[in-house]
Each structure stands twice: as structure tokens, then as C-alpha cells.
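To keep things clear, I will list the structure first and then write my remarks on it.
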Amino acid sequence: MKVAIPDLALVALVGVSGSGKSSFADRHFSRTEVVSSDYCRGLISDDENDQSASQAAFDLVHYIAAKRLEAGRLTVVDATNVQPESRRALVALAKKHHVLSVAIVLNVSTEVCAQRNANRPDRDFGPHVLRNQNSQLRRSMKNLRREGFHKVVFLNGVEEIDNAALVREPLWTDRRSDHGPFDIIGDVHGCFDELVALLRSLSYTVDPDGTGARHPDGRRALFVGDLVDRGPATPAVLRLVMGMVGAGDALCIPGNHEAKLLRALQGRDVTTSHGLAESLTQLADEPPEFAQQVASFIDGLVSHFVLDDGRLVVAHAGLRADMHGRASAAVRSFALYGDTTGETDELGLPERYPWAVDYRGKAFVVYGHTPVPDPAWLNRTICIDTGCVFGGRLTALRYPERELVSVPAAHVYWEPARPVVTPEADPGRDLADLDIDDAGARFRHHRGRLAAPGVADYQRLRSGLDFGAEHRFAYPARP
Ligand SMILES: [Mn+2]
């Protein structure tokens, strides 16, 4: 039986004493990947069977597992895990470190387990222990999926356990082996003419029917999401991008506008503000199967990509370093919507933390989502949404060259809800809250020059961030 597990995950083995967890772990994982409660009990009390050391042993199991997950290492917890509380702690640990959780149940008859334990002098506990574990396991098996494990695998009987073949699969976000080169394209928002112009200026040949485009040197476009809404030609943009992705000429990640369009196409109840109504109207003029194709295209998009040996991360709204290549609802939410404060401002727009100011990761993070007048590198991050639909420009970042290429918008297709706000116009906000000296020490320009930051840099940053039609950044004082 083939069992696929993600190559970054917290794996909980679940089974009673004598079900063969440790030998299963030995066969399928390296010694350092397995954190065993017995072993940790021994580390603490010099006796792997000293039940009085169990609490301390599990503290240690969780501590080691946490350190491994933090480091991005697959971690297997070899313990009975037949009690809901013990599993709850593991699911929480996986969630905290944004990794997937897998439960592998070794379901072996009590007789076999009792027999195996009888052959081991160190396991001289009474039959009631095994009976208790077994009844806990029976009850557990029904609930595992509801407990929050991403994947639950049942191996029933000795034969199935012995014949299991584990296959490690990379996460969908993991494109580290893909080295590009890429032309990373910012928020298009239905601006088809500008997209075609940008692709041509990047030397792509665009098919006359608008169903594909390719680069003579095999470069690929990489769309940062928000292809749709507000602009005049959302279906045409989708047709071209879907064609390019299908032919291997482009990659695409989703933006918040795709996520909402998908919910609308699925018949869910959504408000049609921020340009969604325009997309739905335009899609209504297309053949019905096109909307279906769009829905399945969006549904298949992965929250973000880690590329080029981990040197490049692309996410619609950016991504904190500790979330790169990870998988959780929080990662997806950050990648699509950014780091929201949970507050809204006087226009009912979400307030956001300027995560890039605090970014200290090694990977370049390229993102869109928050329109800026001029893309600028900040701590190895760059926003390339230059507000085309608001009459700005459509911008691409060529990677690895890190050159910016832009085409101007032909029109103002959508009035921004919020005008450009400069610090002078908003004196109530104290730039000192940004801790300029600290953040500024890492303020780099893309030509590799370490620039001394000045208020001007932050004015540019601020005015850019405040240009967004639906976004506003909060500048909380640092603790
Ligand atoms: Mn967006």
C-alpha cells in the first residue's frame, strides 16, 4: 500500500503498545526524524518505562518537535497517541509552525500486541493497560479526521503495516527546483490591453486570438494574482493567462480578488463590491463553460511559490519569512490578504501591518496587492502592483535580473477610494513609530547599494502604501 506524506509535516503515529510503531518508524524515517516518548522518558529518568517521568518526557517531545518544525524538518512523534489530549497538542504544534499534520494509525489486534509485549521483559505492565489503550484507540479512530489532521492513514493488520510504502511528496508551494528565469507580473485587474503591451515589451509573442503567449528564450511569466475585477476585460485576461499556464508559459498564484470571484462562481453569497460586479457582468457574456473553466483554474491555484532554491518567494500580498513554503490556513490568509490588524478604518477598509518593514528573511519576496507609485526594494521585498487599473502602470520584475519593466495604463479604469496620502497631509501619524534607524539599516535598493534611509524613503513607502484603494497600513508603536 502506497502512503503519500508531505515532505514537511508533523507525523503522529497512533497505536497501542506493541503495535509496532517504533519498528515502523525505523523502517520509514531516519533516526533523527523520530521523536520517541520512550526515548525521552529514558533521557529524563534513565528508564524508558518510568511512567512517573511521562509528563516531563512529553514536554521534551514537544520541545524537540517544535525546534525541528521551526527548522522546517519533517518530524515523527512515536508515542501511543491514543488519547485525544495528546493528539490535540500535536495538531496545535503543527498549526503553530504552519506545517501539515498526518496521523498514521497502526491498527493491530490486541492478541498480537500482547504477544509482542510478553516477549519484552521491560514491558511487564498488566493486561488492563493494553485493554485501556485499545478502547481509547477504538474511540479515537472515529474522531481523527475531525481533530484537525490534514491526512489520516489507517494501516489495518500486520501485513498491511509491513507492506506499506511511504512516499514523500513535496508541498505544492515547493518549486525550489524551478530556477526560471521569470517575468513576474503585478496586479492586472482586467487590463488586457496593458497586459498584451507589457508582454510584448518583454519580447513575448502573443497569439492573435489571445489564448497564449510565449517567449523566444523560454522565459516564463509569473502572475502575482488579482488578474480580475475593476478593469474592462477580465475574461480576456483570464483566457490569456489560463492559456499560458496550461501551455507551461506562465505560473500563477491567486489574489484575494480571485478567491472572492471563485466564491461567487460557486454560488456563495458574496458582496460584489471592489469590482467583482464588473467581472461577473463580463463573464456573463462568455459561454457558460468558460466560467466553469475559470472556477477550476482558480481552485487549482496554490497560495504562494518558493522558487530558485528558496531564493525567491512570490505571494500576492507578501509573506513573512517563517511562513515561506509552509502550509496552513494562516499562511494562505497572509499570502492572499496580508497581515491584517483585525481593525477597519473610517472607510471600512482593513488596516494592515507593514510586514515588509519587519522582514528579515534571506529570500526575495515579490508581491502585489497594495498599489505603489514606484516599486522599491525594502528588506529584500518588493511590491510590483503599480495600480494599472487606477491609471498607473502595469509592471513586471524580470528575475533573476531584477529589472523593472512597465507600461502605462491607457485610462483610469477605476477611481481609487483613497487618494495618495503624504505624511505632511497626515501629521497625526508619527514616523518615529517606524523605528526608522533600525528598519532603515536594512533598507536596500535593488542595485545592491545599501542606502542610508531618510524620511524621504519612508514618505515614498507611506504614500505608496496609502495609495491602495482598499488597504490601509497601520503603524503600531513597537513594543
Ligand atoms: Mn489584492
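Starting from 1 in every chain, residues are counted up; chains themselves are A, B, ... following the order of the C-alpha cells, and ligands are numbered from 1 as listed.
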
Exercise for the section: Kindly work out which residues sit at most 12 Å from ligand 1, using only C-alpha atoms and all ligand atoms, and give the list as number ranges by chain. Expected result: A: 186-189, 224-230, 253-260, 274-275, 315-318, 333-338, 367-371, 383-387, 468-471

How close does region 248-291 of chain A get to region 194-212 of chain A? List, as a tab-separated table, each residue of region 248-291 of chain A within 12 Å, its nearest atom pair and the distance in Å to one decimal, counting only C-alpha atoms.
```
residue	atom	partner	partner_atom	distance
A:Gly248	CA	A:Gly212	CA	10.0
A:Asp249	CA	A:Gly212	CA	8.2
A:Ala250	CA	A:Gly212	CA	9.6
```

Please write the residues from the selection above to a file, keeping C-alpha atoms, as a short mmCIF file (atom, residue, chain, number, x, y, z; two decimals), in the first residue's frame.
```cif
data_model
loop_
_atom_site.label_atom_id
_atom_site.label_comp_id
_atom_site.auth_asym_id
_atom_site.auth_seq_id
_atom_site.Cartn_x
_atom_site.Cartn_y
_atom_site.Cartn_z
CA GLY A 248 3.69 25.95 -19.45
CA ASP A 249 4.47 29.53 -20.46
CA ALA A 250 3.36 31.01 -17.15
#
```

Problem - Polymer residues at most 9 Å from Ser37 (chain A), only C-alpha atoms, same-chain spacing of 2 or more positions, as number ranges by chain - result: A: 35, 39-42, 48, 54, 57-58, 60-61, 77-80

Practice task
Could you give me the residues within region 36-181 of chain A that DSSP places in strand (DSSP E), as JSON, numbers by chain?
Solution key: {"A": [36, 75, 76, 77, 78, 100, 101, 102, 103, 104, 105, 106, 107, 151, 152, 153, 154, 155, 156, 165, 166, 167, 168, 169, 174, 175]}

Residues from the last selection, N, CA and C atoms, saved as a compact mmCIF listing (two decimals), in the first residue's frame:
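Listing of again-v9.txt after writing:
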```txt
# COMPACT_ATOMS: atom_id res chain seq x y z
N SER A 36 10.75 9.98 20.05
CA SER A 36 10.05 8.89 20.74
C SER A 36 9.82 9.26 22.20
N THR A 75 8.92 15.71 11.11
CA THR A 75 9.05 15.22 12.47
C THR A 75 7.99 14.16 12.73
N VAL A 76 8.44 13.02 13.26
CA VAL A 76 7.55 11.91 13.55
C VAL A 76 7.48 11.73 15.06
N VAL A 77 6.28 11.74 15.61
CA VAL A 77 6.15 11.53 17.05
C VAL A 77 5.73 10.09 17.30
N ASP A 78 6.68 9.35 17.88
CA ASP A 78 6.47 7.94 18.19
C ASP A 78 6.02 7.84 19.64
N LEU A 100 1.75 20.73 7.76
CA LEU A 100 0.62 19.80 7.70
C LEU A 100 0.79 18.74 8.77
N SER A 101 -0.34 18.19 9.22
CA SER A 101 -0.29 17.14 10.24
C SER A 101 -0.87 15.85 9.66
N VAL A 102 -0.20 14.76 9.95
CA VAL A 102 -0.59 13.45 9.42
C VAL A 102 -0.69 12.48 10.59
N ALA A 103 -1.77 11.71 10.66
CA ALA A 103 -1.88 10.63 11.65
C ALA A 103 -1.78 9.30 10.91
N ILE A 104 -0.87 8.45 11.35
CA ILE A 104 -0.78 7.10 10.78
C ILE A 104 -1.16 6.12 11.88
N VAL A 105 -2.29 5.44 11.69
CA VAL A 105 -2.81 4.53 12.71
C VAL A 105 -2.34 3.12 12.42
N LEU A 106 -1.65 2.51 13.38
CA LEU A 106 -1.26 1.12 13.26
C LEU A 106 -2.29 0.30 14.03
N ASN A 107 -3.18 -0.30 13.29
CA ASN A 107 -4.33 -0.98 13.89
C ASN A 107 -4.07 -2.49 13.89
N LYS A 151 -4.29 14.71 7.14
CA LYS A 151 -4.36 13.41 6.50
C LYS A 151 -4.36 12.33 7.57
N VAL A 152 -5.23 11.34 7.41
CA VAL A 152 -5.30 10.23 8.35
C VAL A 152 -5.14 8.94 7.54
N VAL A 153 -4.17 8.13 7.94
CA VAL A 153 -3.90 6.87 7.23
C VAL A 153 -4.16 5.72 8.19
N PHE A 154 -4.99 4.77 7.79
CA PHE A 154 -5.23 3.57 8.61
C PHE A 154 -4.48 2.40 8.00
N LEU A 155 -3.61 1.79 8.76
CA LEU A 155 -2.95 0.56 8.33
C LEU A 155 -3.51 -0.55 9.20
N ASN A 156 -4.29 -1.42 8.58
CA ASN A 156 -5.03 -2.44 9.33
C ASN A 156 -4.34 -3.79 9.23
N ALA A 165 4.35 1.32 1.79
CA ALA A 165 5.48 2.01 1.17
C ALA A 165 5.22 3.51 1.29
N LEU A 166 6.05 4.19 2.06
CA LEU A 166 5.86 5.63 2.24
C LEU A 166 6.53 6.40 1.12
N VAL A 167 5.79 7.34 0.57
CA VAL A 167 6.34 8.20 -0.48
C VAL A 167 6.24 9.64 0.01
N ARG A 168 7.37 10.32 -0.02
CA ARG A 168 7.35 11.72 0.42
C ARG A 168 7.12 12.63 -0.76
N GLU A 169 6.15 13.48 -0.63
CA GLU A 169 5.81 14.37 -1.73
C GLU A 169 6.08 15.82 -1.35
N ASP A 174 6.26 24.21 -3.16
CA ASP A 174 7.70 23.97 -3.27
C ASP A 174 8.11 23.86 -4.73
N ARG A 175 8.63 24.95 -5.28
CA ARG A 175 9.16 24.93 -6.65
C ARG A 175 10.63 25.36 -6.61
```

Which of region 70-132 of chain A DSSP labels alpha helix (DSSP H), written as a compact mmCIF listing (two decimals) with N, CA and C atoms, in the first residue's frame:
```
# COMPACT_ATOMS: atom_id res chain seq x y z
N GLU A 70 10.24 24.22 13.45
CA GLU A 70 10.71 25.58 13.23
C GLU A 70 11.80 25.59 12.17
N PRO A 84 -7.12 11.68 23.10
CA PRO A 84 -7.39 12.90 22.32
C PRO A 84 -6.52 14.08 22.75
N GLU A 85 -6.24 14.21 24.06
CA GLU A 85 -5.44 15.35 24.53
C GLU A 85 -4.04 15.32 23.93
N SER A 86 -3.48 14.11 23.85
CA SER A 86 -2.11 14.04 23.33
C SER A 86 -2.08 14.42 21.86
N ARG A 87 -3.12 14.03 21.13
CA ARG A 87 -3.17 14.39 19.71
C ARG A 87 -3.46 15.87 19.51
N ARG A 88 -4.32 16.40 20.39
CA ARG A 88 -4.66 17.82 20.27
C ARG A 88 -3.39 18.67 20.36
N ALA A 89 -2.50 18.30 21.28
CA ALA A 89 -1.25 19.05 21.45
C ALA A 89 -0.42 19.00 20.16
N LEU A 90 -0.45 17.86 19.49
CA LEU A 90 0.36 17.72 18.26
C LEU A 90 -0.25 18.51 17.10
N VAL A 91 -1.58 18.46 16.98
CA VAL A 91 -2.24 19.24 15.93
C VAL A 91 -1.96 20.73 16.14
N ALA A 92 -2.00 21.16 17.41
CA ALA A 92 -1.73 22.57 17.71
C ALA A 92 -0.28 22.94 17.36
N LEU A 93 0.62 22.02 17.63
CA LEU A 93 2.03 22.26 17.33
C LEU A 93 2.25 22.42 15.83
N ALA A 94 1.62 21.54 15.06
CA ALA A 94 1.74 21.62 13.60
C ALA A 94 1.19 22.95 13.10
N LYS A 95 0.04 23.32 13.63
CA LYS A 95 -0.61 24.56 13.20
C LYS A 95 0.27 25.76 13.54
N LYS A 96 0.84 25.72 14.73
CA LYS A 96 1.68 26.85 15.17
C LYS A 96 2.86 27.05 14.23
N THR A 110 -5.31 -6.92 19.54
CA THR A 110 -4.77 -6.91 20.91
C THR A 110 -3.93 -8.14 21.18
N GLU A 111 -4.31 -9.28 20.59
CA GLU A 111 -3.57 -10.52 20.83
C GLU A 111 -2.13 -10.38 20.35
N VAL A 112 -1.97 -9.86 19.12
CA VAL A 112 -0.62 -9.69 18.58
C VAL A 112 0.20 -8.76 19.46
N CYS A 113 -0.41 -7.65 19.88
CA CYS A 113 0.30 -6.68 20.72
C CYS A 113 0.70 -7.31 22.05
N ALA A 114 -0.24 -8.05 22.67
CA ALA A 114 0.04 -8.68 23.97
C ALA A 114 1.18 -9.67 23.83
N GLN A 115 1.16 -10.42 22.74
CA GLN A 115 2.21 -11.40 22.47
C GLN A 115 3.58 -10.72 22.35
N ARG A 116 3.62 -9.63 21.59
CA ARG A 116 4.88 -8.91 21.42
C ARG A 116 5.38 -8.34 22.75
N ASN A 117 4.46 -7.79 23.52
CA ASN A 117 4.86 -7.21 24.80
C ASN A 117 5.37 -8.28 25.75
N ALA A 118 4.76 -9.49 25.65
CA ALA A 118 5.17 -10.58 26.54
C ALA A 118 6.62 -10.98 26.26
N PRO A 127 -2.47 -6.64 31.86
CA PRO A 127 -3.31 -6.67 30.66
C PRO A 127 -4.29 -5.50 30.60
N HIS A 128 -4.62 -4.92 31.79
CA HIS A 128 -5.57 -3.80 31.78
C HIS A 128 -5.02 -2.59 31.03
N VAL A 129 -3.68 -2.42 31.04
CA VAL A 129 -3.08 -1.27 30.35
C VAL A 129 -3.37 -1.35 28.86
N LEU A 130 -3.14 -2.52 28.31
CA LEU A 130 -3.38 -2.72 26.88
C LEU A 130 -4.87 -2.59 26.55
N ARG A 131 -5.71 -3.14 27.45
CA ARG A 131 -7.17 -3.04 27.23
C ARG A 131 -7.61 -1.58 27.19
N ASN A 132 -7.08 -0.79 28.14
CA ASN A 132 -7.43 0.64 28.17
C ASN A 132 -6.99 1.34 26.90
```

Handout entry: Separation of CA of Val357 (chain A) from CA of His324 (chain A), in Å and rounded to one decimal
Key = 16.7 Å

Exercise for the section: Skip Phe192 (chain A) itself and residues of its chain fewer than 6 positions away, then list as a PyMOL selection string all residues within 9 Å of it, counting only C-alpha atoms. Expected result: chain A and resi 231-237+240

Exercise for the section: Using only C-alpha atoms, determine which residues lie at most 6 Å from Leu137 (chain A), disregarding the query and same-chain residues fewer than 3 positions distant; provide the list as a list of chain:residue names. Expected result: A:Val82, A:Asn134, A:Ser140

Practice task
Name the residues in contact with His28 (chain A) at a cut-off of 10 Å, using only C-alpha atoms, excluding same-chain residues fewer than 3 positions from it; report them as number ranges by chain.
Solution key: A: 23-25, 31, 33-34, 164-167

Let's have the selection written as a tab-separated table (two decimals), in the first residue's frame, with C-alpha atoms.
```tsv
chain	number	residue	atom	x	y	z
A	23	SER	CA	9.91	-0.58	14.08
A	24	PHE	CA	7.61	1.15	11.57
A	25	ALA	CA	9.37	4.44	12.34
A	31	ARG	CA	16.67	8.23	13.42
A	33	GLU	CA	13.31	12.44	12.33
A	34	VAL	CA	11.66	10.34	15.00
A	164	ALA	CA	3.25	-0.02	3.47
A	165	ALA	CA	5.48	2.01	1.17
A	166	LEU	CA	5.86	5.63	2.24
A	167	VAL	CA	6.34	8.20	-0.48
```

Practice task
To one decimal in Å, tell me the separation between CA of Thr271 (chain A) and CA of Gln292 (chain A).
Solution key: 20.2 Å

Practice task
Considering only C-alpha atoms, state which residue in the set A:Phe125, A:Ser303, A:Ala9, A:Thr272 is at the smallest distance from Gln51 (chain A).
Solution key: A:Phe125

Fill in the blank from the handout: In Å and to one decimal, CA of Arg138 (chain A) is distant from CA of Ser328 (chain A) by 28.5 Å

Exercise for the section: Using only C-alpha atoms, find the one residue out of A:Leu10, A:Leu307, A:Leu251, A:Asp124 that sits nearest to Ala65 (chain A). Expected result: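 Smallest distance to Ala65 (chain A) is found for A:Leu10.
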
Practice task
Rank nothing, just name the residue among A:Val314, A:Thr340, A:Ala53, A:Leu238 nearest to Ser279 (chain A), using only C-alpha atoms.
Solution key: A:Leu238
